[in-house]
Structure formats: structure tokens, C-alpha cells
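Everything below concerns the one structure shown next.
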Amino acid sequence: MAYDAADAAAVGIAQVYWDKGLKYFNAGDDAPTTIQNLYLDWKPPFDLGSLATIVGALYADSYWAATPSAGQMMSVSALANDLSAAIGVNPSDATRAAQLAFSRWYGLFVRGNTANSGEIPKQGTLTASPDVLVNGSTPLIPRLIITNWNQSTWGPQPGLKNYAYGRAQSLNIGVTITKPTVRMYYTDAGFVPPPSSWNQVFTYDDQLESSPLVDINGGLTLSPGTRSATQLAFGVNFPGSGHYCMITAAGSEFFANKPDAGGGNWNSATWLQCNGAAGWHNLDVSTTGEAVLKFYNQDDSTERFVFEAHYHRAPRGSKVALEVAGLLKATAAEITHDYQVVSAQIEAPPRHAGELKVRFGKLPPGSAVTFYKYWVVPVGHPRHPHAARLMGNFDALASGQSVRVPMGDYTFVGPET
């Protein structure tokens, strides 16, 4: 049964097969049974990629992190195995179909940045989600949040109970989502801290761990393509006047999206890039020109990390310094260009929780500095082949190059005029 993923990707999936797949899902059939039923239902010409996409979307909970060694992502191998076992397709065709199915997100999608459109892994800055909203002491209504879809709202006020909201869009999936919800968390400013350091945020009345998502008219079910916002406000009390990260995690009857219990650097890296239903907001206004950013080596081995400061439109002559106590001595670098990158590398001990102290000078309006953390995975490291495939850096497999895996970023901008 030959299968060309490129051809299948260009063809829409007939609604009748989404509807049949949902019928089997609601009847309690498992994924292999649904694969068999859909295969028997399919009228020629049969499309393995479309079948894989439907099953991967409806049974997302079954495939999420189903191969623990692969990390926090949809398991291509698990879906491929189900396809082969259920209807006898050869493993190579099944694998290509599963890869297509999980190359985009099907379900509630939370953006990592405004340019994201559903691709997996997510591209670009991973922690500038416009779908994580904090509006200080002023409440918002869902209709307004949805109307201003691409507008970022970030106005945390220390010492107060802040109103917080999440957004998500029913993307690519061909059935109505009837149980859309959102949970929210906050943690100290830094680079993808492990879930054990997250603080769950409750609804503003302190009663609920999650809020339903509603459409622009307040409807509690989301048809394909519908944009939505949390029906209820969350209430977040930031413990001090520092900087913080916030996370929006959307869930549904197809994908519960519970946080990972903690499985090392690889799980954090894959959760950040491959969880289409979660978004981070790591962007804040700086008035002091300095900050402390938490970072972690979650592995049982010494690991290498690179920190980079990317300056945008900073005044020439500004200085930036990166420092990690005991690991990286502060050395000031002068900014001489409108866009400039300053980097430093460390070897972090096993299970190390550290602080990157950054000094970058007061930022004028219109300027910004983004601090990135990359995990450097060398040849011979057990994760090197996985990292090369995740990043699409296949040359690294052939040439023996190290692979840099994004582990989060944090952006500071100058105050508005």
C-alpha cells in the first residue's frame, strides 16, 4: 500500500470520515478498533494519511508521550504501530502517515507567538504567547479578548490580585469540541522551569482549577476553526515585584494536557516545542536594566548550555553582562550595533538549579533584549539523534555536529513613551 505524504497533505479530509471517527470514539472504541472501522468505511481511493490524522486527533491522549523515550510529544511510533497492527499496512507507510498526522496540531491550539499557525514543532520565539493575558486589577470579557485576537495584554501589578485569562483556537480538527477548558500557572522568570516549580492559578473566586472556554457569543462548544477565551477570570497574586512566567494549558475530551511530572531536560524541551495546546508568556517591561532568570539542568549528568542576549535597537555603548555564581564570571560586552548577540557558555552540574544574573542597562522606548537558553547536545550524547530530528538538523547526524535545542527565552522591552 504505497503512500505519499506530500500528496495526502494537499487533500482535505472528507467530513463524513471525521463524523464516523467521532462516532466510534464516543462509543468507547479504542484507537485500533476505530482504525479498522474507518478503513472498512472508506470509499476508494483510500487515504492512509487522512485516516491517521483523524485517529491521531481524536485519540490524542493515547498518543501523547506514549513513547517515554521520545519525550513530551505525540508518538509517531505508537500511531504507526496501531496502523500496522490494525489494518496490515507496511511499517514504512504507517510511519510516514503518522509523521504527517503529527506534523500539525489538531485540536485546541495555543500560540507560542503571533506567527504560529499550527505547525509542530512550533517555530520562532516559543515564549511570547499572546494567548496568556494578565490585565492587572481590570477585568475583561471574552468577547473583547476574542475580538482583539492578536493583541497582547500583559499588565501585571504586584501586591494585587491580577485578572488573568487564556485563549485557544479549535484548529485543524474536523469535529466540535464539547469540553474545552483552560488551566493557568505561574513561575519565577527564567527558562522553561520544570513543572514541579509551577504554581497553579485558580479562578478569581478561588473555587476552580480550570475555566471553560467560550466562543465570542458565550457558547460552550467550539466548532472547527472557532476562536475562544476563558469564560471565567483567573486570579493571580504575584509574590513580589519581580518578573514572572505564565502558562496557559488548554484541554478537551480528546487531550487532557496535564503537566509532565518531570522527566529531565528532554521532556521540558519537547513539551515547549511540541505541545500545541500550551503557551508561555515570558515578556515584560524593564525599568531597571537588570534581572535574575532561573535555569535548571534537570538531568543526572553534567550538561552544556549556552545563554545568548539578543539586543534590538539598543543604544550604542550600552553594556550587557551575564553571570552565574560559581559557573560564569560576569564580563561586560559593549553594544556597537543596532542588532547584536552576546553569548556565554556553561557546564551545569547534575540536577542543578541556578540563576543567570543579567545586566543590560535601562532600555529606551522601542528597544528590547531577549535572553535565550540553548542546550548543547554533542555527538555521542544519548539524545543527539533525537535532538537532530527534533530541530530538523539532519546534517548534524551526518557531520557529527552538536545540536542546539531551545530551552526557553525571556524578553525585556523598554517602557512605552
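Each chain in the C-alpha cells gets a letter, A, B, ..., in the order shown, and its residues are numbered from 1; ligands are numbered from 1 in order too.
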
Taking the backbone alone, and naming residues the way the document does, which bits of range 17-187 of chain A are helix (DSSP H, G or I) by DSSP, as a compact mmCIF listing (two decimals) with C-alpha atoms, in the first residue's frame?
```txt
# COMPACT_ATOMS: atom_id res chain seq x y z
CA TYR A 17 -14.87 10.35 7.97
CA TRP A 18 -14.38 12.83 10.80
CA ASP A 19 -18.02 12.18 11.78
CA LYS A 20 -17.58 8.41 11.65
CA GLY A 21 -14.38 8.59 13.66
CA LEU A 22 -16.14 10.66 16.33
CA LYS A 23 -18.98 8.14 16.45
CA TYR A 24 -16.53 5.33 17.20
CA PHE A 25 -14.68 7.46 19.74
CA ASN A 26 -17.90 8.33 21.58
CA ALA A 31 -7.83 3.51 18.55
CA PRO A 32 -7.05 0.21 16.72
CA THR A 33 -10.76 -0.63 16.52
CA THR A 34 -11.54 2.82 15.12
CA ILE A 35 -8.74 2.39 12.56
CA GLN A 36 -10.32 -0.85 11.40
CA ASN A 37 -13.82 0.60 11.26
CA LEU A 38 -12.72 3.69 9.32
CA TYR A 39 -10.74 1.56 6.91
CA LEU A 40 -13.84 -0.53 6.17
CA ASP A 41 -15.94 2.64 5.82
CA LEU A 48 -3.95 6.37 4.91
CA GLY A 49 -2.69 9.83 5.85
CA SER A 50 -6.21 11.14 6.40
CA LEU A 51 -7.16 8.10 8.47
CA ALA A 52 -4.02 8.54 10.59
CA THR A 53 -4.81 12.23 11.07
CA ILE A 54 -8.35 11.57 12.29
CA VAL A 55 -7.26 8.87 14.72
CA GLY A 56 -4.28 10.88 15.96
CA ALA A 57 -6.53 13.87 16.67
CA LEU A 58 -9.40 12.02 18.38
CA ALA A 60 -4.52 12.37 21.22
CA ASP A 61 -4.47 11.34 24.88
CA SER A 62 -3.50 7.82 23.82
CA TYR A 63 -0.55 9.02 21.76
CA PRO A 68 8.54 7.81 27.02
CA SER A 69 12.00 7.89 25.45
CA ALA A 70 10.71 10.26 22.76
CA VAL A 76 4.71 8.63 15.79
CA SER A 77 5.81 5.09 16.56
CA ALA A 78 2.72 4.31 18.67
CA LEU A 79 0.32 5.51 15.96
CA ALA A 80 2.33 3.73 13.25
CA ASN A 81 2.25 0.50 15.25
CA ASP A 82 -1.53 0.78 15.64
CA LEU A 83 -1.96 1.36 11.91
CA SER A 84 0.19 -1.64 11.02
CA ALA A 85 -1.42 -3.94 13.58
CA ALA A 86 -4.99 -2.92 12.81
CA ILE A 87 -5.06 -3.00 9.00
CA PRO A 91 5.65 -0.17 8.73
CA SER A 92 7.30 2.39 6.44
CA ASP A 93 3.96 3.56 5.04
CA ALA A 94 2.45 3.61 8.52
CA THR A 95 5.34 5.71 9.82
CA ARG A 96 5.04 8.27 7.04
CA ALA A 97 1.30 8.56 7.65
CA ALA A 98 1.84 9.03 11.40
CA GLN A 99 4.52 11.66 10.77
CA LEU A 100 2.08 13.59 8.61
CA ALA A 101 -0.66 13.27 11.22
CA PRO A 142 -14.48 37.00 26.49
CA ARG A 143 -15.95 38.90 23.53
CA LEU A 144 -13.29 41.61 23.87
CA ILE A 145 -10.46 39.08 24.34
CA ILE A 146 -11.50 37.23 21.19
CA THR A 147 -12.12 40.38 19.13
```

Using only C-alpha atoms, what table do you get, as a Markdown table, when you list each residue of range 208-244 of chain A with an atom no more than 8 Å from range 168-192 of chain A, its nearest pair of atoms, and their distance in Å rounded to one decimal, rows by chain then rising number?
```
| residue | atom | partner | partner_atom | distance |
| --- | --- | --- | --- | --- |
| A:Glu209 | CA | A:Arg183 | CA | 6.4 |
| A:Ser210 | CA | A:Arg183 | CA | 4.7 |
| A:Ser211 | CA | A:Val182 | CA | 5.5 |
| A:Pro212 | CA | A:Thr181 | CA | 4.3 |
| A:Leu213 | CA | A:Thr181 | CA | 5.2 |
| A:Val214 | CA | A:Pro180 | CA | 7.9 |
| A:Leu220 | CA | A:Thr178 | CA | 7.0 |
| A:Thr221 | CA | A:Thr178 | CA | 4.6 |
| A:Leu222 | CA | A:Ile177 | CA | 5.1 |
| A:Ser223 | CA | A:Thr176 | CA | 4.3 |
| A:Pro224 | CA | A:Ser170 | CA | 5.5 |
| A:Gly225 | CA | A:Ser170 | CA | 4.9 |
| A:Thr226 | CA | A:Ser170 | CA | 5.3 |
| A:Arg227 | CA | A:Gln169 | CA | 4.3 |
| A:Ser228 | CA | A:Ala168 | CA | 5.5 |
| A:Ala229 | CA | A:Ala168 | CA | 6.4 |
| A:Thr230 | CA | A:Val182 | CA | 6.9 |
| A:Phe234 | CA | A:Met184 | CA | 7.7 |
| A:His243 | CA | A:Ala189 | CA | 5.4 |
| A:Tyr244 | CA | A:Ala189 | CA | 4.2 |
```

For range 216-289 of chain A against range 114-127 of chain A, with a cut-off of 12 Å and counting only C-alpha atoms, what is the closest atom pair and its distance in Å to one decimal for every residue that makes the cut, ordered by chain and number, as CSV?
```
residue,atom,partner,partner_atom,distance
A:Gly225,CA,A:Gly118,CA,11.7
A:Tyr244,CA,A:Thr127,CA,12.0
A:Cys245,CA,A:Thr127,CA,8.8
A:Met246,CA,A:Thr127,CA,9.3
A:Ile247,CA,A:Thr127,CA,9.1
A:Thr248,CA,A:Thr127,CA,11.0
A:Ala269,CA,A:Pro121,CA,10.5
A:Thr270,CA,A:Pro121,CA,8.3
A:Trp271,CA,A:Pro121,CA,9.6
A:Leu272,CA,A:Leu126,CA,7.1
A:Gln273,CA,A:Pro121,CA,5.0
A:Cys274,CA,A:Pro121,CA,4.8
A:Asn275,CA,A:Ile120,CA,8.0
A:Gly276,CA,A:Gly118,CA,7.1
A:Ala277,CA,A:Gly118,CA,9.8
A:Ala278,CA,A:Thr127,CA,10.1
A:Gly279,CA,A:Thr127,CA,6.8
A:Trp280,CA,A:Thr127,CA,4.5
A:His281,CA,A:Thr127,CA,5.1
A:Asn282,CA,A:Thr127,CA,5.4
A:Leu283,CA,A:Thr127,CA,7.8
A:Asp284,CA,A:Thr127,CA,11.5
```

Selected residues, N, CA, C and O atoms, written as a PDB file, in the first residue's frame, please.
```
ATOM      1  N   GLY A 225     -12.368  25.574  13.826  1.00  0.00           N
ATOM      2  CA  GLY A 225     -11.899  26.911  13.487  1.00  0.00           C
ATOM      3  C   GLY A 225     -12.270  27.997  14.478  1.00  0.00           C
ATOM      4  O   GLY A 225     -11.792  29.133  14.367  1.00  0.00           O
ATOM      5  N   TYR A 244       7.915  37.401  36.129  1.00  0.00           N
ATOM      6  CA  TYR A 244       7.347  36.057  36.228  1.00  0.00           C
ATOM      7  C   TYR A 244       7.001  35.515  34.846  1.00  0.00           C
ATOM      8  O   TYR A 244       6.809  36.268  33.890  1.00  0.00           O
ATOM      9  N   CYS A 245       6.930  34.172  34.767  1.00  0.00           N
ATOM     10  CA  CYS A 245       6.421  33.476  33.588  1.00  0.00           C
ATOM     11  C   CYS A 245       5.002  33.024  33.881  1.00  0.00           C
ATOM     12  O   CYS A 245       4.692  32.643  35.010  1.00  0.00           O
ATOM     13  N   MET A 246       4.155  33.015  32.849  1.00  0.00           N
ATOM     14  CA  MET A 246       2.827  32.434  32.987  1.00  0.00           C
ATOM     15  C   MET A 246       2.569  31.464  31.851  1.00  0.00           C
ATOM     16  O   MET A 246       3.079  31.637  30.739  1.00  0.00           O
ATOM     17  N   ILE A 247       1.768  30.445  32.151  1.00  0.00           N
ATOM     18  CA  ILE A 247       1.495  29.363  31.212  1.00  0.00           C
ATOM     19  C   ILE A 247      -0.004  29.173  31.087  1.00  0.00           C
ATOM     20  O   ILE A 247      -0.724  29.159  32.095  1.00  0.00           O
ATOM     21  N   THR A 248      -0.484  29.046  29.847  1.00  0.00           N
ATOM     22  CA  THR A 248      -1.861  28.657  29.551  1.00  0.00           C
ATOM     23  C   THR A 248      -1.837  27.244  28.991  1.00  0.00           C
ATOM     24  O   THR A 248      -1.087  26.965  28.048  1.00  0.00           O
ATOM     25  N   ALA A 269      12.145  20.318  26.914  1.00  0.00           N
ATOM     26  CA  ALA A 269      12.384  20.844  25.567  1.00  0.00           C
ATOM     27  C   ALA A 269      11.268  20.422  24.614  1.00  0.00           C
ATOM     28  O   ALA A 269      10.781  21.238  23.811  1.00  0.00           O
ATOM     29  N   THR A 270      10.851  19.159  24.688  1.00  0.00           N
ATOM     30  CA  THR A 270       9.815  18.689  23.766  1.00  0.00           C
ATOM     31  C   THR A 270       8.445  19.224  24.147  1.00  0.00           C
ATOM     32  O   THR A 270       7.626  19.526  23.274  1.00  0.00           O
ATOM     33  N   TRP A 271       8.165  19.367  25.437  1.00  0.00           N
ATOM     34  CA  TRP A 271       6.884  19.940  25.860  1.00  0.00           C
ATOM     35  C   TRP A 271       6.752  21.363  25.325  1.00  0.00           C
ATOM     36  O   TRP A 271       5.682  21.766  24.846  1.00  0.00           O
ATOM     37  N   LEU A 272       7.836  22.121  25.385  1.00  0.00           N
ATOM     38  CA  LEU A 272       7.808  23.511  24.934  1.00  0.00           C
ATOM     39  C   LEU A 272       7.531  23.607  23.436  1.00  0.00           C
ATOM     40  O   LEU A 272       6.734  24.434  22.990  1.00  0.00           O
ATOM     41  N   GLN A 273       8.154  22.739  22.650  1.00  0.00           N
ATOM     42  CA  GLN A 273       8.066  22.856  21.194  1.00  0.00           C
ATOM     43  C   GLN A 273       6.917  22.062  20.584  1.00  0.00           C
ATOM     44  O   GLN A 273       6.420  22.414  19.506  1.00  0.00           O
ATOM     45  N   CYS A 274       6.498  20.978  21.247  1.00  0.00           N
ATOM     46  CA  CYS A 274       5.573  20.042  20.606  1.00  0.00           C
ATOM     47  C   CYS A 274       4.195  19.998  21.234  1.00  0.00           C
ATOM     48  O   CYS A 274       3.323  19.280  20.736  1.00  0.00           O
ATOM     49  N   ASN A 275       3.972  20.725  22.311  1.00  0.00           N
ATOM     50  CA  ASN A 275       2.638  20.786  22.903  1.00  0.00           C
ATOM     51  C   ASN A 275       1.900  21.974  22.302  1.00  0.00           C
ATOM     52  O   ASN A 275       2.081  23.117  22.719  1.00  0.00           O
ATOM     53  N   GLY A 276       1.051  21.685  21.319  1.00  0.00           N
ATOM     54  CA  GLY A 276       0.329  22.765  20.647  1.00  0.00           C
ATOM     55  C   GLY A 276      -0.769  23.383  21.477  1.00  0.00           C
ATOM     56  O   GLY A 276      -1.295  24.440  21.112  1.00  0.00           O
ATOM     57  N   ALA A 277      -1.123  22.764  22.592  1.00  0.00           N
ATOM     58  CA  ALA A 277      -2.209  23.277  23.422  1.00  0.00           C
ATOM     59  C   ALA A 277      -1.712  24.047  24.628  1.00  0.00           C
ATOM     60  O   ALA A 277      -2.467  24.277  25.578  1.00  0.00           O
ATOM     61  N   ALA A 278      -0.454  24.466  24.615  1.00  0.00           N
ATOM     62  CA  ALA A 278       0.105  25.205  25.749  1.00  0.00           C
ATOM     63  C   ALA A 278       0.921  26.382  25.249  1.00  0.00           C
ATOM     64  O   ALA A 278       1.572  26.310  24.201  1.00  0.00           O
ATOM     65  N   GLY A 279       0.891  27.474  25.994  1.00  0.00           N
ATOM     66  CA  GLY A 279       1.644  28.662  25.634  1.00  0.00           C
ATOM     67  C   GLY A 279       2.270  29.317  26.846  1.00  0.00           C
ATOM     68  O   GLY A 279       1.705  29.284  27.945  1.00  0.00           O
ATOM     69  N   TRP A 280       3.443  29.902  26.653  1.00  0.00           N
ATOM     70  CA  TRP A 280       4.176  30.621  27.697  1.00  0.00           C
ATOM     71  C   TRP A 280       4.202  32.107  27.367  1.00  0.00           C
ATOM     72  O   TRP A 280       4.300  32.498  26.203  1.00  0.00           O
ATOM     73  N   HIS A 281       4.175  32.917  28.416  1.00  0.00           N
ATOM     74  CA  HIS A 281       4.413  34.354  28.245  1.00  0.00           C
ATOM     75  C   HIS A 281       5.595  34.745  29.127  1.00  0.00           C
ATOM     76  O   HIS A 281       5.496  34.762  30.353  1.00  0.00           O
ATOM     77  N   ASN A 282       6.718  35.018  28.465  1.00  0.00           N
ATOM     78  CA  ASN A 282       7.944  35.434  29.149  1.00  0.00           C
ATOM     79  C   ASN A 282       8.390  36.770  28.566  1.00  0.00           C
ATOM     80  O   ASN A 282       9.438  36.870  27.943  1.00  0.00           O
ATOM     81  N   LEU A 283       7.588  37.769  28.729  1.00  0.00           N
ATOM     82  CA  LEU A 283       7.913  39.097  28.199  1.00  0.00           C
ATOM     83  C   LEU A 283       7.455  40.136  29.205  1.00  0.00           C
ATOM     84  O   LEU A 283       6.356  40.042  29.741  1.00  0.00           O
ATOM     85  N   ASP A 284       8.323  41.115  29.456  1.00  0.00           N
ATOM     86  CA  ASP A 284       7.972  42.110  30.461  1.00  0.00           C
ATOM     87  C   ASP A 284       8.694  43.417  30.171  1.00  0.00           C
ATOM     88  O   ASP A 284       9.720  43.447  29.482  1.00  0.00           O
TER      89      ASP A 284
END
```

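Here CA of Arg313 in chain A and CA of Arg111 in chain A stand 25.7 Å from one another.
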
(request) Show which residues sit within 9 Å of Val358 in chain A, as a ChimeraX atom specification. Count only C-alpha atoms, and ignore same-chain residues fewer than 5 positions away. (result) /A:289-293,320-323,330,371

Selection near Val342 in chain A, 7 Å with only C-alpha atoms, sequence-local residues under 4 positions removed, as a list of chain:residue names = A:Glu308, A:Ala309, A:His310

> Per DSSP on the backbone, what are the strand (DSSP E) residues of range 75-242 of chain A, as an MDAnalysis selection string?
Replying inline: chainID A and resid 107:109 132:134 162:171 181:188 199:203 211:214 227:230 234:236
